[in-house]
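Peer 1: input_7.csv is the file, holding CSV, C-alpha atoms:
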chain,number,residue,atom,x,y,z
A,1,MET,CA,28.8,11.3,-11.7
A,2,ILE,CA,26.2,10.5,-9.1
A,3,VAL,CA,24.1,13.4,-7.9
A,4,PRO,CA,23.5,13.4,-4.1
A,5,LEU,CA,20.0,12.2,-3.1
A,6,ALA,CA,19.3,15.5,-1.4
A,7,ALA,CA,19.7,17.2,-4.8
A,8,VAL,CA,16.8,15.3,-6.5
A,9,ALA,CA,14.3,17.7,-8.0
A,10,ALA,CA,10.9,17.3,-6.4
A,11,VAL,CA,7.8,16.7,-8.4
A,12,VAL,CA,4.5,18.1,-7.3
A,13,LEU,CA,1.9,15.3,-7.0
A,14,GLY,CA,-1.4,16.9,-6.0
A,15,SER,CA,-0.6,18.9,-2.9
A,16,GLN,CA,2.4,16.7,-2.1
A,17,ARG,CA,5.9,16.4,-3.4
A,18,VAL,CA,7.7,13.2,-4.4
A,19,ALA,CA,11.3,12.5,-5.2
A,20,SER,CA,10.3,12.0,-8.8
A,21,GLN,CA,7.2,11.0,-10.8
A,22,PRO,CA,7.4,7.3,-11.7
A,23,SER,CA,7.0,6.7,-15.4
A,24,PRO,CA,5.1,3.5,-16.5
A,25,ALA,CA,7.6,3.2,-19.3
A,26,ASN,CA,10.3,2.3,-16.8
A,27,TYR,CA,8.3,-0.5,-15.2
A,28,PRO,CA,6.5,-3.8,-16.0
A,29,PRO,CA,2.8,-4.0,-16.5
A,30,ALA,CA,0.8,-3.8,-13.2
A,31,ASP,CA,0.0,-7.0,-11.3
A,32,ARG,CA,2.1,-9.2,-13.6
A,33,VAL,CA,5.2,-11.1,-12.7
A,34,ALA,CA,8.2,-8.7,-13.5
A,35,PRO,CA,10.3,-9.8,-16.5
A,36,PRO,CA,13.9,-10.8,-15.7
A,37,ASN,CA,16.7,-8.2,-16.0
A,38,SER,CA,20.1,-9.5,-17.1
A,39,PHE,CA,22.1,-6.7,-15.4
A,40,TRP,CA,20.5,-7.4,-12.0
A,41,ASN,CA,20.9,-11.2,-12.5
A,42,ALA,CA,24.7,-10.8,-13.1
A,43,ALA,CA,25.0,-8.8,-9.9
A,44,MET,CA,22.7,-10.8,-7.6
A,45,LEU,CA,23.1,-14.6,-8.4
A,46,GLY,CA,26.1,-15.2,-6.3
A,47,SER,CA,26.1,-17.5,-3.3
A,48,LEU,CA,25.8,-16.5,0.3
A,49,PRO,CA,24.2,-18.3,3.3
A,50,PRO,CA,20.6,-17.2,3.6
A,51,SER,CA,19.7,-14.9,6.4
A,52,PRO,CA,17.0,-15.9,9.0
A,53,ASP,CA,13.5,-14.7,8.8
A,54,GLY,CA,12.2,-12.1,11.3
A,55,LEU,CA,9.2,-13.7,13.0
A,56,ARG,CA,8.8,-11.6,16.2
A,57,CYS,CA,10.2,-8.6,18.0
A,58,THR,CA,13.3,-8.8,20.1
A,59,ASN,CA,11.6,-7.0,22.9
A,60,GLY,CA,8.6,-9.0,24.3
A,61,ASP,CA,6.6,-5.9,25.1
A,62,ASP,CA,6.8,-4.6,21.6
A,63,TRP,CA,4.0,-5.0,19.0
A,64,ALA,CA,4.7,-4.2,15.3
A,65,MET,CA,1.6,-3.4,13.4
A,66,THR,CA,2.1,-4.2,9.7
A,67,PHE,CA,-0.2,-3.7,6.7
A,68,ASP,CA,0.3,-5.5,3.4
A,69,ASP,CA,-0.8,-5.2,-0.2
A,70,GLY,CA,-1.2,-1.4,-0.6
A,71,PRO,CA,-1.1,1.4,-1.3
A,72,SER,CA,-4.7,1.7,-2.2
A,73,PRO,CA,-7.5,4.3,-1.8
A,74,ASN,CA,-8.5,2.5,1.4
A,75,THR,CA,-5.1,3.0,3.0
A,76,ALA,CA,-6.4,6.5,4.1
A,77,VAL,CA,-8.7,4.8,6.7
A,78,ILE,CA,-5.8,3.2,8.4
A,79,LEU,CA,-3.6,6.3,8.2
A,80,ASP,CA,-6.3,8.3,9.9
A,81,ALA,CA,-6.8,5.8,12.6
A,82,LEU,CA,-3.1,5.5,13.3
A,83,ARG,CA,-2.7,9.3,13.4
A,84,ALA,CA,-5.6,9.6,15.9
A,85,ARG,CA,-3.9,7.1,18.2
A,86,ASN,CA,-0.3,8.4,17.7
A,87,ILE,CA,0.8,4.9,16.4
A,88,LYS,CA,3.6,4.4,13.8
A,89,ALA,CA,3.2,1.2,11.7
A,90,THR,CA,4.9,-0.5,8.8
A,91,PHE,CA,3.4,-0.8,5.3
A,92,PHE,CA,4.7,-3.6,3.0
A,93,VAL,CA,3.8,-2.2,-0.4
A,94,VAL,CA,3.3,-3.8,-3.8
A,95,GLY,CA,5.3,-2.0,-6.6
A,96,SER,CA,2.6,-2.0,-9.3
A,97,ARG,CA,0.2,-0.4,-6.8
A,98,VAL,CA,2.8,2.3,-6.0
A,99,LEU,CA,2.7,3.1,-9.7
A,100,GLN,CA,-1.1,3.5,-9.4
A,101,TYR,CA,-1.2,5.4,-6.1
A,102,PRO,CA,2.1,7.2,-5.5
A,103,ASP,CA,0.4,10.0,-3.5
A,104,VAL,CA,-0.9,7.4,-1.0
A,105,LEU,CA,2.6,6.0,-0.5
A,106,LEU,CA,4.0,9.5,-0.1
A,107,ARG,CA,1.4,10.4,2.5
A,108,THR,CA,2.2,7.2,4.4
A,109,PHE,CA,5.9,7.9,4.5
A,110,GLN,CA,5.5,11.6,5.3
A,111,GLU,CA,3.3,10.8,8.3
A,112,GLY,CA,6.2,8.8,9.8
A,113,HIS,CA,5.3,5.3,9.0
A,114,GLU,CA,7.8,2.8,7.7
A,115,ILE,CA,7.8,1.5,4.1
A,116,ALA,CA,8.9,-2.0,3.3
A,117,LEU,CA,8.8,-4.2,0.2
A,118,HIS,CA,6.2,-6.7,-0.9
A,119,THR,CA,7.4,-7.4,-4.5
A,120,TRP,CA,6.2,-5.9,-7.8
A,121,SER,CA,3.1,-8.0,-8.5
A,122,HIS,CA,2.4,-10.0,-5.3
A,123,ALA,CA,3.8,-13.1,-6.9
A,124,ASP,CA,4.7,-16.3,-4.9
A,125,LEU,CA,8.5,-16.0,-5.0
A,126,ALA,CA,9.0,-19.7,-4.2
A,127,THR,CA,7.4,-20.6,-7.5
A,128,LEU,CA,9.4,-18.2,-9.6
A,129,THR,CA,12.8,-18.6,-11.3
A,130,ASP,CA,15.9,-16.8,-9.8
A,131,ASP,CA,15.8,-14.0,-12.4
A,132,GLN,CA,12.1,-13.4,-11.9
A,133,VAL,CA,12.6,-13.2,-8.1
A,134,ILE,CA,15.3,-10.6,-8.6
A,135,ALA,CA,13.1,-8.5,-10.9
A,136,GLU,CA,10.1,-8.7,-8.6
A,137,ILE,CA,12.1,-7.3,-5.7
A,138,LEU,CA,14.2,-4.7,-7.5
A,139,TYR,CA,11.3,-3.2,-9.5
A,140,ASN,CA,9.5,-2.9,-6.2
A,141,ALA,CA,12.5,-1.3,-4.5
A,142,GLN,CA,13.1,1.1,-7.4
A,143,ILE,CA,9.7,2.5,-7.7
A,144,VAL,CA,9.4,3.0,-3.9
A,145,ARG,CA,12.7,4.9,-4.0
A,146,GLU,CA,11.4,7.1,-6.8
A,147,VAL,CA,8.5,8.2,-4.8
A,148,ILE,CA,9.8,8.6,-1.3
A,149,GLY,CA,13.6,9.1,-2.0
A,150,VAL,CA,14.9,6.2,0.1
A,151,THR,CA,15.2,2.4,-0.5
A,152,PRO,CA,13.5,0.0,1.9
A,153,ARG,CA,15.7,-2.8,3.3
A,154,ILE,CA,13.0,-5.0,4.8
A,155,LEU,CA,11.0,-7.4,2.6
A,156,ARG,CA,8.0,-9.6,3.2
A,157,PRO,CA,7.5,-12.4,0.6
A,158,PRO,CA,3.8,-12.6,-0.5
A,159,TYR,CA,1.9,-15.4,1.3
A,160,GLY,CA,4.9,-15.8,3.5
A,161,SER,CA,6.2,-18.1,0.8
A,162,VAL,CA,10.0,-18.4,0.9
A,163,ASN,CA,12.6,-21.1,0.7
A,164,ASP,CA,16.4,-21.2,1.0
A,165,ARG,CA,16.9,-20.5,-2.6
A,166,VAL,CA,14.8,-17.3,-2.4
A,167,ARG,CA,16.4,-16.4,1.0
A,168,THR,CA,19.8,-16.6,-0.6
A,169,ILE,CA,18.8,-14.2,-3.3
A,170,ILE,CA,17.4,-11.8,-0.8
A,171,THR,CA,20.6,-12.0,1.3
A,172,ASN,CA,22.6,-11.3,-1.8
A,173,LEU,CA,20.5,-8.2,-2.3
A,174,GLY,CA,21.4,-7.1,1.2
A,175,LEU,CA,17.7,-7.2,2.3
A,176,VAL,CA,16.1,-8.7,5.4
A,177,ILE,CA,13.0,-10.8,5.5
A,178,ALA,CA,10.2,-10.0,8.0
A,179,LEU,CA,7.3,-12.4,8.3
A,180,TRP,CA,4.7,-12.3,11.2
A,181,SER,CA,3.8,-14.1,14.4
A,182,PHE,CA,0.1,-13.2,14.5
A,183,ASP,CA,-2.3,-13.4,11.4
A,184,SER,CA,-5.4,-11.3,11.9
A,185,LEU,CA,-7.1,-13.4,9.1
A,186,ASP,CA,-8.5,-10.2,7.5
A,187,SER,CA,-7.3,-11.3,4.1
A,188,VAL,CA,-9.4,-14.5,4.1
A,189,GLY,CA,-12.7,-12.9,5.0
A,190,GLY,CA,-12.3,-12.9,8.8
A,191,THR,CA,-14.8,-10.6,10.5
A,192,THR,CA,-13.5,-10.7,14.1
A,193,VAL,CA,-10.1,-9.1,13.7
A,194,GLY,CA,-10.6,-6.9,16.8
A,195,GLU,CA,-11.6,-9.8,19.0
A,196,LEU,CA,-8.7,-12.0,17.8
A,197,THR,CA,-6.2,-9.2,18.3
A,198,ALA,CA,-7.6,-8.6,21.8
A,199,GLN,CA,-7.1,-12.2,22.7
A,200,ARG,CA,-3.5,-12.2,21.4
A,201,ALA,CA,-2.7,-8.9,23.1
A,202,ALA,CA,-3.8,-10.4,26.4
A,203,LEU,CA,-1.6,-13.4,26.3
A,204,ARG,CA,1.2,-13.8,28.8
A,205,PRO,CA,4.1,-14.0,28.6
A,206,ARG,CA,4.5,-11.5,25.9
A,207,ILE,CA,6.7,-12.6,23.0
A,208,GLY,CA,7.1,-9.5,20.8
A,209,THR,CA,4.3,-9.7,18.3
A,210,ILE,CA,4.4,-8.9,14.6
A,211,SER,CA,0.8,-8.6,13.4
A,212,LEU,CA,-0.4,-9.1,9.8
A,213,GLN,CA,-3.2,-7.0,8.5
A,214,HIS,CA,-4.0,-5.5,5.0
A,215,ASP,CA,-4.8,-2.1,3.6
A,216,LEU,CA,-6.3,-3.1,0.3
A,217,LEU,CA,-10.0,-4.1,0.7
A,218,PRO,CA,-12.6,-2.2,2.7
A,219,ALA,CA,-13.6,-5.2,4.7
A,220,ALA,CA,-10.1,-5.6,6.1
A,221,VAL,CA,-9.4,-1.9,6.5
A,222,ASN,CA,-12.5,-1.2,8.5
A,223,GLN,CA,-11.5,-3.7,11.1
A,224,ALA,CA,-8.1,-2.1,11.7
A,225,PRO,CA,-9.1,0.6,14.3
A,226,PRO,CA,-10.6,-1.9,16.8
A,227,ALA,CA,-7.4,-4.0,16.5
A,228,MET,CA,-5.3,-0.9,17.3
A,229,ASP,CA,-7.4,-0.2,20.3
A,230,ALA,CA,-7.0,-3.7,21.6
A,231,VAL,CA,-3.2,-3.5,21.4
A,232,VAL,CA,-3.1,-0.2,23.1
A,233,ALA,CA,-5.5,-1.3,25.9
A,234,GLN,CA,-3.1,-4.1,26.9
A,235,GLY,CA,-0.2,-1.7,27.2
A,236,HIS,CA,2.0,-3.0,24.4
A,237,THR,CA,4.7,-0.7,23.0
A,238,THR,CA,3.8,-0.1,19.3
A,239,VAL,CA,6.9,0.0,17.1
A,240,THR,CA,7.8,-0.1,13.4
A,241,ILE,CA,9.3,-3.3,11.9
A,242,SER,CA,12.8,-2.0,11.9
A,243,ALA,CA,12.7,-1.3,15.7
A,244,CYS,CA,11.0,-4.6,16.2
A,245,ILE,CA,13.7,-6.8,14.6
A,246,GLY,CA,16.6,-4.5,15.2
A,247,GLN,CA,17.4,-3.8,11.5
A,248,PRO,CA,17.8,-0.6,9.6
A,249,ALA,CA,14.6,0.4,7.7
A,250,TYR,CA,16.4,1.8,4.6
A,251,ASP,CA,19.7,1.2,2.8
A,252,GLU,CA,20.9,3.2,-0.2
A,253,THR,CA,23.7,0.7,-1.1
A,254,LEU,CA,21.2,-1.5,-2.9
A,255,PHE,CA,21.3,0.6,-6.1
A,256,VAL,CA,24.6,2.3,-5.4
A,257,VAL,CA,26.6,-0.9,-5.0
A,258,ARG,CA,24.6,-4.0,-5.8
A,259,ALA,CA,22.4,-3.3,-8.8
A,260,PRO,CA,22.0,-0.6,-11.4
A,261,ILE,CA,18.8,1.4,-11.6
A,262,VAL,CA,16.9,0.7,-14.8
A,263,ARG,CA,15.8,3.7,-16.8
A,264,ASN,CA,14.1,4.2,-20.1
A,265,VAL,CA,12.9,0.6,-20.4
A,266,THR,CA,11.2,-0.4,-23.6
A,267,LEU,CA,8.8,-3.2,-22.6
A,268,THR,CA,7.9,-5.3,-25.6
A,269,ALA,CA,5.2,-7.9,-25.0
A,270,THR,CA,6.0,-11.4,-26.3
A,271,THR,CA,3.7,-14.3,-27.0
A,272,THR,CA,6.1,-16.6,-25.2
A,273,PRO,CA,5.0,-18.0,-21.8
A,274,LEU,CA,7.0,-17.2,-18.6
A,275,ALA,CA,9.6,-19.7,-19.6
A,276,ALA,CA,10.9,-17.2,-22.1
A,277,THR,CA,14.5,-16.2,-22.1
A,278,ALA,CA,14.9,-12.5,-21.2
A,279,THR,CA,17.5,-10.2,-22.8
A,280,ALA,CA,18.6,-6.7,-22.1
A,281,SER,CA,20.8,-4.8,-24.5
A,282,VAL,CA,23.0,-1.7,-24.1
A,283,ASN,CA,24.7,-0.5,-27.3
A,284,GLY,CA,24.2,-3.9,-28.9
A,285,THR,CA,25.7,-6.0,-26.1
A,286,VAL,CA,23.1,-8.6,-25.3
A,287,PRO,CA,23.6,-10.8,-22.2
A,288,THR,CA,21.2,-13.7,-22.1
A,289,THR,CA,19.7,-16.0,-19.5
A,290,ALA,CA,18.7,-19.6,-19.9
A,291,ALA,CA,15.1,-20.5,-20.5
A,292,THR,CA,13.2,-21.0,-17.3
A,293,THR,CA,10.0,-22.9,-16.2
A,294,ALA,CA,6.8,-20.9,-15.9
A,295,PRO,CA,5.4,-20.7,-12.4
A,296,PRO,CA,1.8,-21.9,-11.7
A,297,THR,CA,-0.9,-19.2,-11.8
A,298,ARG,CA,-2.1,-17.9,-8.5
A,299,ALA,CA,-4.9,-15.5,-7.7
A,300,ASN,CA,-4.3,-12.2,-6.0
A,301,THR,CA,-7.1,-10.3,-4.2
A,302,THR,CA,-7.2,-6.7,-5.4
A,303,ALA,CA,-9.4,-3.7,-4.7
A,304,THR,CA,-11.5,-4.7,-7.7
A,305,GLY,CA,-11.7,-8.4,-7.2
A,306,VAL,CA,-9.6,-11.4,-8.1
A,307,MET,CA,-7.0,-11.4,-10.9
A,308,PRO,CA,-4.3,-13.9,-11.9
A,309,ALA,CA,-0.9,-13.2,-10.6
A,310,ALA,CA,0.9,-14.4,-13.7
A,311,PRO,CA,-0.3,-13.6,-17.3
A,312,PRO,CA,0.2,-15.9,-20.2
A,313,SER,CA,2.9,-13.7,-21.6
A,314,VAL,CA,5.8,-11.7,-20.3
A,315,ALA,CA,7.4,-8.4,-21.3
A,316,THR,CA,11.0,-8.3,-22.2
A,317,PRO,CA,13.0,-5.2,-21.1
A,318,THR,CA,15.3,-3.5,-23.6
A,319,LEU,CA,17.4,-0.7,-22.2
A,320,ARG,CA,18.3,2.4,-24.2
A,321,SER,CA,21.8,3.7,-23.6
A,322,GLY,CA,22.7,7.3,-22.9
A,323,ASP,CA,21.0,8.3,-19.7
A,324,ALA,CA,24.2,9.9,-18.5
A,325,GLY,CA,25.4,10.8,-22.0
A,326,THR,CA,27.9,7.9,-22.1
A,327,THR,CA,27.9,4.4,-23.4
A,328,HIS,CA,29.2,1.3,-21.7
A,329,SER,CA,29.8,-2.3,-22.4
A,330,VAL,CA,28.5,-4.9,-19.9
A,331,LEU,CA,31.3,-6.3,-17.8
A,332,ALA,CA,29.3,-9.0,-15.9
A,333,SER,CA,32.2,-10.6,-14.0
A,334,THR,CA,34.1,-7.7,-12.7
A,335,ALA,CA,33.7,-4.9,-10.2
A,336,ALA,CA,33.6,-2.5,-13.2
A,337,LEU,CA,30.0,-3.7,-13.9
A,338,PHE,CA,28.7,-1.8,-10.9
A,339,ALA,CA,30.7,1.4,-11.6
A,340,THR,CA,29.9,1.6,-15.3
A,341,ILE,CA,26.2,0.7,-15.1
A,342,CYS,CA,25.6,2.9,-12.0
A,343,SER,CA,27.2,5.9,-13.7
A,344,ALA,CA,25.1,5.2,-16.9
A,345,PHE,CA,21.7,4.6,-15.3
A,346,MET,CA,21.6,6.2,-11.9
A,347,LEU,CA,19.8,9.5,-11.8
A,348,PHE,CA,19.2,10.6,-8.3
How does this structure look as structure tokens?

Peer 2:
Amino acid sequence: MIVPLAAVAAVVLGSQRVASQPSPANYPPADRVAPPNSFWNAAMLGSLPPSPDGLRCTNGDDWAMTFDDGPSPNTAVILDALRARNIKATFFVVGSRVLQYPDVLLRTFQEGHEIALHTWSHADLATLTDDQVIAEILYNAQIVREVIGVTPRILRPPYGSVNDRVRTIITNLGLVIALWSFDSLDSVGGTTVGELTAQRAALRPRIGTISLQHDLLPAAVNQAPPAMDAVVAQGHTTVTISACIGQPAYDETLFVVRAPIVRNVTLTATTTPLAATATASVNGTVPTTAATTAPPTRANTTATGVMPAAPPSVATPTLRSGDAGTTHSVLASTAALFATICSAFMLF
């Protein structure tokens, strides 16, 4: 039986409260490509036409400020600046960083800003296999939901890297892609974010701008306030990404209907490269996926420097049965898959 979301027991985190405290045991290692999950694969690898990417706001006067790659300790600088200017923005968060800084994410959400998805490890989705893409997105969505109690519907692929294959998977998940129409260049060492934003804000005719900034590194964060002032000075209407593109910000059908929540995951590191076959077992039933090709390694900028996006090994999830006191077989090709898995693994 599914417990209503409102009935979730709150957990105290510092002086704040979260829907529940995320456990590292339920998630992949930080800043590593998430391992495939066979249950999610069975539910998500159907075929639907890909949805279009959101590149600008539907209203020309609107300006959606978006910040990628957090949460981080530096996010507070941006939150303070937004609060001082009475602006609501959107934060595309990385799942593994949510595990590190759930309190920052919670503060962001509680102050009225919108939360959107940016994958688990900031991997280039276009270079990953289908099952890796699914895992990157759903671990991201699951941990955000644990902390703030709702599931984001809007996703931004890292680097803006997306193709029709990835778009189709995202469409199957019921999610919407939002990219950007103005890059502040703060992530590549730009030092004139305020000036560039002022130039863009002064352009006519207005075309409904989605601006890209970052809340990870101090050099980028410290340039955000002048950029905010430039947008306000030109009389733009600042909006969140959902208002910008006319799509709901959150959607609880992702885990209720489309994919089971993964609980009590035993992550066992293997020495096999990312081409490894992933398995997930419940009561001895082991669905398998075909071997895949490892993606090339890319570097991600983090608060402590540069780290590889993909490690030389991948963790394989093994699910323990009995979260709801019942056991179920995997029925991958029928509607019963969703009912049985959701009842077994969804604890709201």

Peer 1: Hey, which of A:Val231, A:Ala220, A:Leu105, A:Val188 ends up closest to Ala201 (chain A)? Count all atoms listed in the file.

Peer 2: A:Val231

Peer 1: For CA of Thr127 (chain A) and CA of Tyr159 (chain A), quote the distance in Å rounded to one decimal.

Peer 2: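 Rounded to one decimal, the two atoms are 11.6 Å apart.
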
Peer 1: Restricting the calculation to all atoms listed in the file: of A:Thr151, A:Val144, A:Gly112, A:Val77, which residue gets closest to Ala219 (chain A)?

Peer 2: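 Closest to Ala219 (chain A), using all atoms listed in the file: A:Val77.
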
Peer 1: Find the residues around region 236-246 of chain A up to 6 Å (all atoms listed in the file counted), leave out those fewer than 5 positions away in its own chain, and share them as a list in words.

Peer 2: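 After dropping sequence-adjacent residues, the list is Cys57, Thr58, Asp61, Asp62, Trp63, Ala64, Ala89 and Thr90 of chain A.
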
Peer 1: Find the residues around Ile137 (chain A) up to 8 Å (all atoms listed in the file counted), leave out those fewer than 2 positions away in its own chain, and share them as a ChimeraX atom specification.

Peer 2: /A:117-120,133-135,139-141

Peer 1: Quick one: distance from CA of Thr209 (chain A) to CA of Ala227 (chain A) in Å, one decimal?

Peer 2: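 Between these atoms lies a distance of 13.1 Å.
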
Peer 1: Here is a test: counting only C-alpha atoms, which residue of A:Gln21, A:Thr108, A:Gln132, A:Ser72 is nearest to Val33 (chain A)?

Peer 2: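 Using only C-alpha atoms, Val33 (chain A) sits closest to A:Gln132.
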
Peer 1: Have a look at CA of Leu175 (chain A) and CA of Pro73 (chain A) and let me know their distance in Å, one decimal.

Peer 2: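 Between CA of Leu175 (chain A) and CA of Pro73 (chain A) the gap is 28.0 Å.
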
Peer 1: Restricting the calculation to all atoms listed in the file, which member of A:Leu106, A:Ala233, A:Ala249, A:Val256 is positioned closest to Pro152 (chain A)?

Peer 2: A:Ala249

Peer 1: If we count only C-alpha atoms, what is near Gln213 (chain A) at a cut-off of 12 Å, once residues fewer than 6 positions away on the same chain are taken out, given as a PDB file with C-alpha atoms, keeping the file's coordinate frame?

Peer 2:
ATOM      1  CA  ALA A  64       4.700  -4.200  15.300  1.00  0.00           C
ATOM      2  CA  MET A  65       1.600  -3.400  13.400  1.00  0.00           C
ATOM      3  CA  THR A  66       2.100  -4.200   9.700  1.00  0.00           C
ATOM      4  CA  PHE A  67      -0.200  -3.700   6.700  1.00  0.00           C
ATOM      5  CA  ASP A  68       0.300  -5.500   3.400  1.00  0.00           C
ATOM      6  CA  ASP A  69      -0.800  -5.200  -0.200  1.00  0.00           C
ATOM      7  CA  GLY A  70      -1.200  -1.400  -0.600  1.00  0.00           C
ATOM      8  CA  THR A  75      -5.100   3.000   3.000  1.00  0.00           C
ATOM      9  CA  ILE A  78      -5.800   3.200   8.400  1.00  0.00           C
ATOM     10  CA  ALA A  89       3.200   1.200  11.700  1.00  0.00           C
ATOM     11  CA  THR A  90       4.900  -0.500   8.800  1.00  0.00           C
ATOM     12  CA  PHE A  91       3.400  -0.800   5.300  1.00  0.00           C
ATOM     13  CA  PHE A  92       4.700  -3.600   3.000  1.00  0.00           C
ATOM     14  CA  LEU A 179       7.300 -12.400   8.300  1.00  0.00           C
ATOM     15  CA  TRP A 180       4.700 -12.300  11.200  1.00  0.00           C
ATOM     16  CA  SER A 181       3.800 -14.100  14.400  1.00  0.00           C
ATOM     17  CA  PHE A 182       0.100 -13.200  14.500  1.00  0.00           C
ATOM     18  CA  ASP A 183      -2.300 -13.400  11.400  1.00  0.00           C
ATOM     19  CA  SER A 184      -5.400 -11.300  11.900  1.00  0.00           C
ATOM     20  CA  LEU A 185      -7.100 -13.400   9.100  1.00  0.00           C
ATOM     21  CA  ASP A 186      -8.500 -10.200   7.500  1.00  0.00           C
ATOM     22  CA  SER A 187      -7.300 -11.300   4.100  1.00  0.00           C
ATOM     23  CA  VAL A 188      -9.400 -14.500   4.100  1.00  0.00           C
ATOM     24  CA  GLY A 189     -12.700 -12.900   5.000  1.00  0.00           C
ATOM     25  CA  GLY A 190     -12.300 -12.900   8.800  1.00  0.00           C
ATOM     26  CA  VAL A 193     -10.100  -9.100  13.700  1.00  0.00           C
ATOM     27  CA  GLY A 194     -10.600  -6.900  16.800  1.00  0.00           C
ATOM     28  CA  LEU A 196      -8.700 -12.000  17.800  1.00  0.00           C
ATOM     29  CA  THR A 197      -6.200  -9.200  18.300  1.00  0.00           C
ATOM     30  CA  ALA A 219     -13.600  -5.200   4.700  1.00  0.00           C
ATOM     31  CA  ALA A 220     -10.100  -5.600   6.100  1.00  0.00           C
ATOM     32  CA  VAL A 221      -9.400  -1.900   6.500  1.00  0.00           C
ATOM     33  CA  ASN A 222     -12.500  -1.200   8.500  1.00  0.00           C
ATOM     34  CA  GLN A 223     -11.500  -3.700  11.100  1.00  0.00           C
ATOM     35  CA  ALA A 224      -8.100  -2.100  11.700  1.00  0.00           C
ATOM     36  CA  PRO A 225      -9.100   0.600  14.300  1.00  0.00           C
ATOM     37  CA  ALA A 227      -7.400  -4.000  16.500  1.00  0.00           C
ATOM     38  CA  MET A 228      -5.300  -0.900  17.300  1.00  0.00           C
TER      39      MET A 228
END

Peer 1: Find the residue from A:Ser23, A:Gln247, A:Asn172, A:Thr192 that sits nearest to Pro226 (chain A); use only C-alpha atoms when measuring.

Peer 2: A:Thr192

Peer 1: Need the shell around Ser161 (chain A): protein/DNA/RNA residues with any atom at most 7 Å away, counting all atoms listed in the file. Skip same-chain ones fewer than 5 positions apart. Format as a list in words?

Peer 2: Asp124, Leu125 and Ala126 of chain A

Peer 1: Nearest to Asp215 (chain A) among A:Arg32, A:Arg56, A:Arg83, A:Arg97, with distances taken over all atoms listed in the file: which residue is it?

Peer 2: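 Residue with the minimum atom-to-atom distance to Asp215 (chain A): A:Arg97.
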
Peer 1: Go ahead and find all residues with at least one atom no further than 7 Å from (10.1, 9.1, -2.8) in the file's coordinates, using all atoms listed in the file; report them as a ChimeraX atom specification.

Peer 2: /A:18-20,106,144-150
